[in-house]
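Asker: Have a peek at query11.cif (mmCIF, C-alpha atoms).
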```cif
data_run
#
loop_
_atom_site.label_atom_id
_atom_site.label_comp_id
_atom_site.auth_asym_id
_atom_site.auth_seq_id
_atom_site.Cartn_x
_atom_site.Cartn_y
_atom_site.Cartn_z
CA ALA V 1 53.12 -44.32 43.82
CA ALA V 2 53.55 -44.54 40.06
CA ALA V 3 52.14 -48.08 40.09
CA GLY V 4 49.45 -47.35 42.69
CA LEU V 5 50.96 -49.88 45.10
CA THR V 6 50.95 -49.83 48.87
CA ARG V 7 54.27 -50.37 50.64
CA LEU V 8 53.13 -53.87 51.59
CA GLU V 9 52.22 -54.73 48.00
CA LEU V 10 55.61 -53.49 46.81
CA ALA V 11 57.36 -55.59 49.46
CA MET V 12 55.35 -58.67 48.49
CA SER V 13 56.00 -58.30 44.75
CA PRO V 14 59.16 -56.21 44.31
CA ARG V 15 59.89 -57.60 40.83
CA ALA V 16 56.44 -57.17 39.35
CA PRO V 17 56.80 -55.37 35.99
CA LEU V 18 55.53 -51.87 35.42
CA SER V 19 53.02 -51.26 32.68
CA ALA V 20 53.92 -48.80 29.95
CA LYS V 21 51.65 -46.21 31.57
CA GLU V 22 53.16 -46.77 35.01
CA ALA V 23 56.67 -46.48 33.59
CA GLU V 24 55.71 -43.19 31.96
CA ILE V 25 54.38 -41.86 35.25
CA LEU V 26 57.51 -43.00 37.09
CA SER V 27 59.74 -41.27 34.55
CA HIS V 28 57.74 -38.07 34.99
CA TYR V 29 58.01 -38.30 38.78
CA ALA V 30 61.76 -38.96 38.59
CA ALA V 31 62.32 -35.91 36.38
CA ARG V 32 60.47 -33.71 38.83
CA ARG V 33 62.49 -35.07 41.76
CA ALA V 34 65.73 -34.55 39.82
CA ALA V 35 64.68 -30.89 39.59
CA ARG V 36 64.61 -30.95 43.44
CA GLU V 37 60.84 -30.85 43.76
CA PRO V 38 59.94 -32.46 47.11
CA VAL V 39 58.34 -35.90 46.99
CA SER V 40 55.40 -34.58 49.01
CA ARG V 41 54.66 -32.03 46.29
CA ILE V 42 55.05 -34.60 43.52
CA LEU V 43 52.59 -36.93 45.21
CA GLY V 44 50.40 -34.13 46.58
CA GLU V 45 50.30 -35.43 50.12
CA ARG V 46 52.28 -35.64 53.34
CA GLY V 47 51.83 -37.40 56.64
CA PHE V 48 51.69 -34.96 59.56
CA TRP V 49 51.06 -35.96 63.15
CA THR V 50 48.54 -38.83 62.67
CA LEU V 51 46.96 -37.31 59.57
CA ASP V 52 47.40 -37.53 55.81
CA LEU V 53 47.35 -33.95 54.52
CA ILE V 54 46.97 -32.61 51.00
CA VAL V 55 50.02 -30.61 49.87
CA ALA V 56 48.96 -27.75 47.61
CA PRO V 57 51.06 -25.63 45.24
CA GLY V 58 51.89 -22.17 46.55
CA VAL V 59 51.53 -23.22 50.21
CA LEU V 60 54.25 -24.11 52.73
CA ASP V 61 54.92 -27.85 52.82
CA PRO V 62 54.32 -29.03 56.43
CA ARG V 63 57.53 -30.11 58.17
CA PRO V 64 58.06 -32.79 60.83
CA ASP V 65 59.63 -30.09 63.06
CA THR V 66 56.23 -28.43 63.31
CA GLU V 67 54.86 -31.51 65.07
CA THR V 68 56.85 -30.21 68.06
CA LEU V 69 54.42 -27.29 68.25
CA VAL V 70 51.44 -29.65 68.41
CA GLU V 71 53.19 -31.79 71.03
CA THR V 72 54.02 -28.73 73.14
CA VAL V 73 50.45 -27.44 73.17
CA LEU V 74 49.05 -30.84 74.13
CA ARG V 75 51.67 -31.17 76.88
CA PHE V 76 50.64 -27.89 78.52
CA ILE V 77 46.91 -28.30 77.96
CA GLY V 78 47.01 -31.73 79.59
CA GLU V 79 43.63 -32.93 80.81
CA ARG V 80 41.95 -29.81 79.42
CA ARG V 81 42.14 -31.28 75.93
CA GLU V 82 38.62 -32.68 76.47
CA GLU V 83 37.21 -29.20 77.20
CA PRO V 84 35.53 -26.96 74.59
CA LEU V 85 38.58 -24.74 74.17
CA SER V 86 39.01 -22.15 71.44
CA ILE V 87 42.08 -22.19 69.17
CA LEU V 88 43.52 -19.46 66.95
CA ASP V 89 46.10 -20.41 64.32
CA LEU V 90 47.80 -17.36 62.81
CA GLY V 91 49.42 -17.92 59.42
CA ALA V 92 47.73 -21.30 59.13
CA GLY V 93 49.19 -22.27 55.76
CA SER V 94 48.10 -25.79 54.87
CA GLY V 95 46.14 -26.06 58.12
CA ALA V 96 48.48 -28.75 59.45
CA ILE V 97 48.67 -27.38 63.01
CA VAL V 98 44.97 -26.66 63.44
CA CYS V 99 44.01 -30.02 61.93
CA ALA V 100 46.36 -31.87 64.28
CA LEU V 101 45.13 -30.00 67.37
CA LEU V 102 41.46 -30.47 66.52
CA SER V 103 42.07 -34.17 65.93
CA GLU V 104 43.39 -34.46 69.50
CA MET V 105 40.86 -32.12 71.13
CA PRO V 106 37.38 -33.41 70.26
CA ALA V 107 35.42 -30.54 71.84
CA ALA V 108 37.64 -27.68 70.65
CA ARG V 109 36.80 -25.17 67.94
CA ALA V 110 39.28 -23.19 65.87
CA VAL V 111 39.81 -20.14 63.69
CA ALA V 112 42.58 -20.37 61.08
CA VAL V 113 43.86 -17.14 59.52
CA ASP V 114 46.19 -16.60 56.58
CA LEU V 115 46.97 -13.72 54.25
CA SER V 116 47.31 -16.00 51.22
CA ALA V 117 44.17 -17.00 49.33
CA GLN V 118 45.94 -20.20 48.26
CA ALA V 119 46.74 -21.05 51.87
CA CYS V 120 43.18 -20.39 53.00
CA ALA V 121 41.89 -22.71 50.28
CA ALA V 122 44.45 -25.36 51.27
CA ALA V 123 43.58 -25.12 54.98
CA ALA V 124 39.86 -25.41 54.24
CA ARG V 125 40.51 -28.40 52.00
CA ASN V 126 42.59 -30.19 54.63
CA LEU V 127 40.03 -29.52 57.35
CA ALA V 128 37.39 -31.08 55.11
CA HIS V 129 39.72 -33.95 54.18
CA CYS V 130 40.23 -34.70 57.89
CA GLY V 131 36.53 -34.36 58.73
CA LEU V 132 37.09 -31.29 60.90
CA SER V 133 35.34 -28.53 58.94
CA GLU V 134 32.37 -28.26 61.30
CA ARG V 135 34.65 -27.18 64.15
CA ALA V 136 36.75 -24.63 62.28
CA ARG V 137 36.55 -21.42 60.29
CA VAL V 138 39.15 -20.22 57.83
CA LEU V 139 39.57 -16.46 57.42
CA ARG V 140 41.76 -14.50 55.05
CA GLY V 141 43.55 -11.56 56.63
CA ARG V 142 46.77 -10.20 58.01
CA TRP V 143 47.30 -11.91 61.34
CA ALA V 144 44.45 -11.02 63.71
CA GLU V 145 43.62 -7.52 62.48
CA ALA V 146 39.97 -8.40 61.79
CA LEU V 147 39.40 -10.46 64.93
CA ASP V 148 37.72 -9.22 68.09
CA ALA V 149 37.81 -12.25 70.38
CA ARG V 150 40.00 -13.97 72.94
CA PHE V 151 41.20 -17.54 72.61
CA ASP V 152 42.31 -20.27 74.99
CA ILE V 153 45.14 -21.30 72.66
CA VAL V 154 47.02 -19.15 70.14
CA VAL V 155 49.52 -20.89 67.89
CA SER V 156 51.63 -19.85 64.94
CA ASN V 157 54.44 -21.04 62.71
CA PRO V 158 55.21 -17.65 61.17
CA PRO V 159 57.87 -16.90 58.54
CA TYR V 160 61.20 -16.75 60.37
CA VAL V 161 63.97 -17.08 57.76
CA ARG V 162 66.34 -14.11 57.66
CA ASN V 163 66.30 -12.20 54.36
CA GLU V 164 69.95 -12.89 53.67
CA ASP V 165 69.52 -16.63 54.28
CA ILE V 166 66.73 -17.26 51.77
CA ALA V 167 69.05 -17.49 48.76
CA GLY V 168 71.05 -20.21 50.52
CA LEU V 169 68.12 -22.47 51.38
CA GLU V 170 67.91 -25.94 49.89
CA PRO V 171 66.26 -25.93 46.43
CA GLU V 172 63.36 -27.99 47.83
CA VAL V 173 62.49 -25.00 50.00
CA ARG V 174 63.76 -22.02 48.00
CA LEU V 175 62.17 -23.05 44.71
CA TYR V 176 58.91 -24.56 45.90
CA ASP V 177 57.83 -22.94 49.18
CA PRO V 178 56.26 -19.47 48.82
CA ALA V 179 58.44 -16.53 49.85
CA LEU V 180 55.51 -15.13 51.86
CA ALA V 181 55.78 -18.15 54.16
CA LEU V 182 59.56 -17.87 54.59
CA ASP V 183 60.58 -14.21 54.84
CA GLY V 184 61.02 -13.13 58.45
CA GLY V 185 62.81 -9.86 57.78
CA ALA V 186 66.39 -8.83 58.46
CA ASP V 187 66.75 -10.76 61.73
CA GLY V 188 64.00 -13.30 61.13
CA LEU V 189 61.85 -11.89 63.95
CA ASP V 190 59.69 -9.29 62.16
CA ARG V 191 56.59 -11.50 61.97
CA TYR V 192 56.81 -12.30 65.68
CA ARG V 193 56.90 -8.57 66.44
CA GLU V 194 53.75 -8.07 64.36
CA ILE V 195 51.92 -10.94 66.08
CA PHE V 196 53.07 -10.14 69.62
CA ALA V 197 51.90 -6.53 69.40
CA ASP V 198 48.34 -7.90 69.18
CA LEU V 199 48.74 -11.01 71.30
CA PRO V 200 47.72 -9.61 74.74
CA ARG V 201 44.22 -8.82 73.49
CA LEU V 202 43.85 -12.20 71.75
CA LEU V 203 44.80 -14.56 74.56
CA ALA V 204 42.46 -15.48 77.40
CA ASP V 205 43.74 -14.79 80.91
CA ASP V 206 44.57 -18.47 81.49
CA GLY V 207 45.36 -19.15 77.86
CA LEU V 208 48.44 -20.62 76.23
CA ALA V 209 50.42 -19.17 73.33
CA ALA V 210 52.95 -21.33 71.46
CA PHE V 211 55.19 -20.45 68.53
CA GLU V 212 57.52 -22.37 66.29
CA VAL V 213 60.91 -20.65 66.01
CA GLY V 214 64.12 -21.01 64.05
CA TYR V 215 66.79 -23.25 65.56
CA ASP V 216 68.64 -20.25 67.05
CA GLN V 217 65.74 -17.89 67.78
CA ALA V 218 64.27 -19.11 71.09
CA VAL V 219 66.07 -16.49 73.18
CA GLY V 220 65.05 -13.63 70.87
CA VAL V 221 61.42 -14.75 70.67
CA ALA V 222 61.25 -15.21 74.46
CA ALA V 223 62.54 -11.67 74.96
CA LEU V 224 59.91 -10.27 72.60
CA LEU V 225 57.18 -12.14 74.47
CA GLY V 226 58.47 -10.91 77.81
CA ALA V 227 58.35 -7.32 76.57
CA GLN V 228 54.63 -7.80 75.88
CA GLY V 229 53.86 -9.10 79.36
CA PHE V 230 54.19 -12.85 78.91
CA ARG V 231 55.80 -15.48 81.13
CA ILE V 232 57.74 -18.18 79.31
CA GLU V 233 56.33 -21.58 80.25
CA GLY V 234 58.73 -23.84 78.39
CA VAL V 235 60.82 -24.46 75.31
CA GLY V 236 60.22 -27.55 73.20
CA ARG V 237 63.02 -29.28 71.35
CA ASP V 238 62.52 -30.99 67.99
CA ALA V 239 63.80 -34.45 67.08
CA GLY V 240 67.19 -32.95 66.22
CA GLY V 241 67.53 -31.38 69.67
CA HIS V 242 66.99 -27.81 68.46
CA GLU V 243 64.94 -25.31 70.46
CA ARG V 244 61.91 -25.28 68.17
CA VAL V 245 58.90 -24.02 70.18
CA VAL V 246 58.43 -21.29 72.77
CA ALA V 247 55.30 -21.50 74.96
CA ALA V 248 54.04 -18.61 77.09
CA ARG V 249 51.14 -17.31 79.18
CA LEU V 250 50.05 -13.84 80.19
CA ALA V 251 51.71 -12.79 83.44
CA GLY V 252 51.93 -9.01 83.81
CA ARG V 253 55.20 -7.49 82.68
CA GLY V 254 57.44 -10.24 81.41
CA ARG V 255 60.96 -11.13 82.37
CA ASP V 256 63.67 -13.01 80.57
CA ILE V 257 63.69 -16.37 82.32
CA LEU V 258 64.62 -18.55 79.36
CA ALA V 259 67.61 -19.96 81.23
CA THR V 260 65.37 -21.39 83.95
CA VAL V 261 62.30 -22.60 82.06
CA PRO V 262 61.81 -26.32 81.43
CA TYR V 263 63.11 -27.90 78.25
CA PHE V 264 61.58 -31.05 76.85
#
```
Would you mind writing the file's structure down as structure tokens?

Answerer:
Amino acid sequence: AAAGLTRLELAMSPRAPLSAKEAEILSHYAARRAAREPVSRILGERGFWTLDLIVAPGVLDPRPDTETLVETVLRFIGERREEPLSILDLGAGSGAIVCALLSEMPAARAVAVDLSAQACAAAARNLAHCGLSERARVLRGRWAEALDARFDIVVSNPPYVRNEDIAGLEPEVRLYDPALALDGGADGLDRYREIFADLPRLLADDGLAAFEVGYDQAVGVAALLGAQGFRIEGVGRDAGGHERVVAARLAGRGRDILATVPYF
């Protein structure tokens, strides 16, 4: 990156000397990494799904685990991905999820909501960067308070870190990701409670809701969804085998069936 080389160019000429300017840039990058700043933030970009996203200061850095949410939605939508479905992304952050879904669903349209002005700007920038702006709107607000519509797909990767755990996070997260995007309250489930209280009015009758969760939160999130009248459709595991996504549909009064739903 400091020399402006592609991986192939570096492999072809691994001993090519750096210019004085390139060496200066490399030294600057190395100092930032030694301070535990993530490489994605140093370079200002990260690959997510099949996209190259801009990583902005003050906005959650997209994680590979979140690709599980995209995969889960596409799995349950199946052949409907070609239909003009509506998507709502609550707490959109960088816009990674909504960009990935729109890239796979050519007729879909989306609304991305975030409380942070920095996040809204980042989501809008990534939508434009990916050529998806014409099919999406970015709104600033607290969850769906200002929305009066129903959506075919509702997704969210809300803050889910327990208060007491924030101080123990890796420096790459604790020092560089915004607290607003991490803090899930005493048990890590406060933001889900806020979203789920509104979810029945937001989701279409045959719609799908999918949420990223902490590695040990699937049971708790499923119970909260059941209390709001949702049926758990499945639980998606990330590459590390952790229960990372809970998917649900409206189904009258819910029941706790997490032990019998499909895992994938």

Asker: Give me the result of the PyMOL selection byres ((chain V and resi 114-131) around 10) on this file, residue by residue, as a PyMOL selection string.

Answerer: chain V and resi 51-60+89-100+102-103+112-113+132-144+178+180-181

Asker: Identify the residues within 12 Å of coordinate (53.8, -33.9, 71.2) (same frame as the file), considering only C-alpha atoms, and give the answer as a ChimeraX atom specification.

Answerer: /V:48-50,64-78,97,100-101,104,236-239,245,264

Asker: Excluding stretch 24-35 of chain V and its own-chain neighbours fewer than 2 positions away, which residues fall within 9 Å of it when counting only C-alpha atoms? Please give them as JSON, numbers by chain.

Answerer: {"V": [1, 2, 3, 19, 20, 21, 22, 37, 38, 39, 42, 43, 171, 172]}

Asker: The PyMOL selection byres ((chain V and resi 212) around 8) on the file shown: which residues, as a PyMOL selection string?

Answerer: chain V and resi 66+69+156-158+210-211+213-214+244-246

Asker: Print the selection's residues with C-alpha atoms to a file, as a PDB file, keeping the file's coordinate frame.

Answerer:
```pdb
ATOM      1  CA  THR V  66      56.230 -28.430  63.310  1.00  0.00           C
ATOM      2  CA  LEU V  69      54.420 -27.290  68.250  1.00  0.00           C
ATOM      3  CA  SER V 156      51.630 -19.850  64.940  1.00  0.00           C
ATOM      4  CA  ASN V 157      54.440 -21.040  62.710  1.00  0.00           C
ATOM      5  CA  PRO V 158      55.210 -17.650  61.170  1.00  0.00           C
ATOM      6  CA  ALA V 210      52.950 -21.330  71.460  1.00  0.00           C
ATOM      7  CA  PHE V 211      55.190 -20.450  68.530  1.00  0.00           C
ATOM      8  CA  VAL V 213      60.910 -20.650  66.010  1.00  0.00           C
ATOM      9  CA  GLY V 214      64.120 -21.010  64.050  1.00  0.00           C
ATOM     10  CA  ARG V 244      61.910 -25.280  68.170  1.00  0.00           C
ATOM     11  CA  VAL V 245      58.900 -24.020  70.180  1.00  0.00           C
ATOM     12  CA  VAL V 246      58.430 -21.290  72.770  1.00  0.00           C
TER      13      VAL V 246
END
```

Asker: What gap, in Å, lies between atom CA of V:Ile166 and atom CA of V:Leu225?

Answerer: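 Those two atoms sit 25.2 Å apart.
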
Asker: From the list V:Ala167, V:Met105, V:Ala110, V:Val235, which residue is nearest V:Val155 when using all atoms listed in the file?

Answerer: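 Checking each of V:Ala167, V:Met105, V:Ala110, V:Val235 against V:Val155, counting all atoms listed in the file, the winner is V:Ala110.
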
Asker: Can you measure atom CA of V:Val161 to atom CA of V:Ile232 for me? One decimal in Å is fine.

Answerer: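 Between atom CA of V:Val161 and atom CA of V:Ile232 the gap is 22.5 Å.
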
Asker: Quick check, in Å to one decimal: how far apart do atom CA of V:Ala186 and atom CA of V:Glu145 lie?

Answerer: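 Computing it gives 23.2 Å between the two atoms.
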
Asker: Which one is closest to V:Val221: V:Ala248, V:Leu202, V:Leu189, V:Leu147? Count only C-alpha atoms.

Answerer: V:Leu189

Asker: Which residues would end up in the selection if the PyMOL selection byres ((chain V and resi 188) around 9) were applied here, given that I need the answer as a list in words?

Answerer: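 Selected by the PyMOL selection byres ((chain V and resi 188) around 9) here: Pro159, Tyr160, Val161, Arg162, Asn163, Asp183, Gly184, Gly185, Ala186, Asp187, Leu189, Asp190, Arg191, Tyr192, Gly214 and Gln217 of chain V.
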
Asker: Looking at only C-alpha atoms, which of V:Gly240, V:Leu199, V:Leu169, V:Leu208 is the one that sits closest to V:Ala227?

Answerer: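 Closest to V:Ala227, using only C-alpha atoms: V:Leu199.
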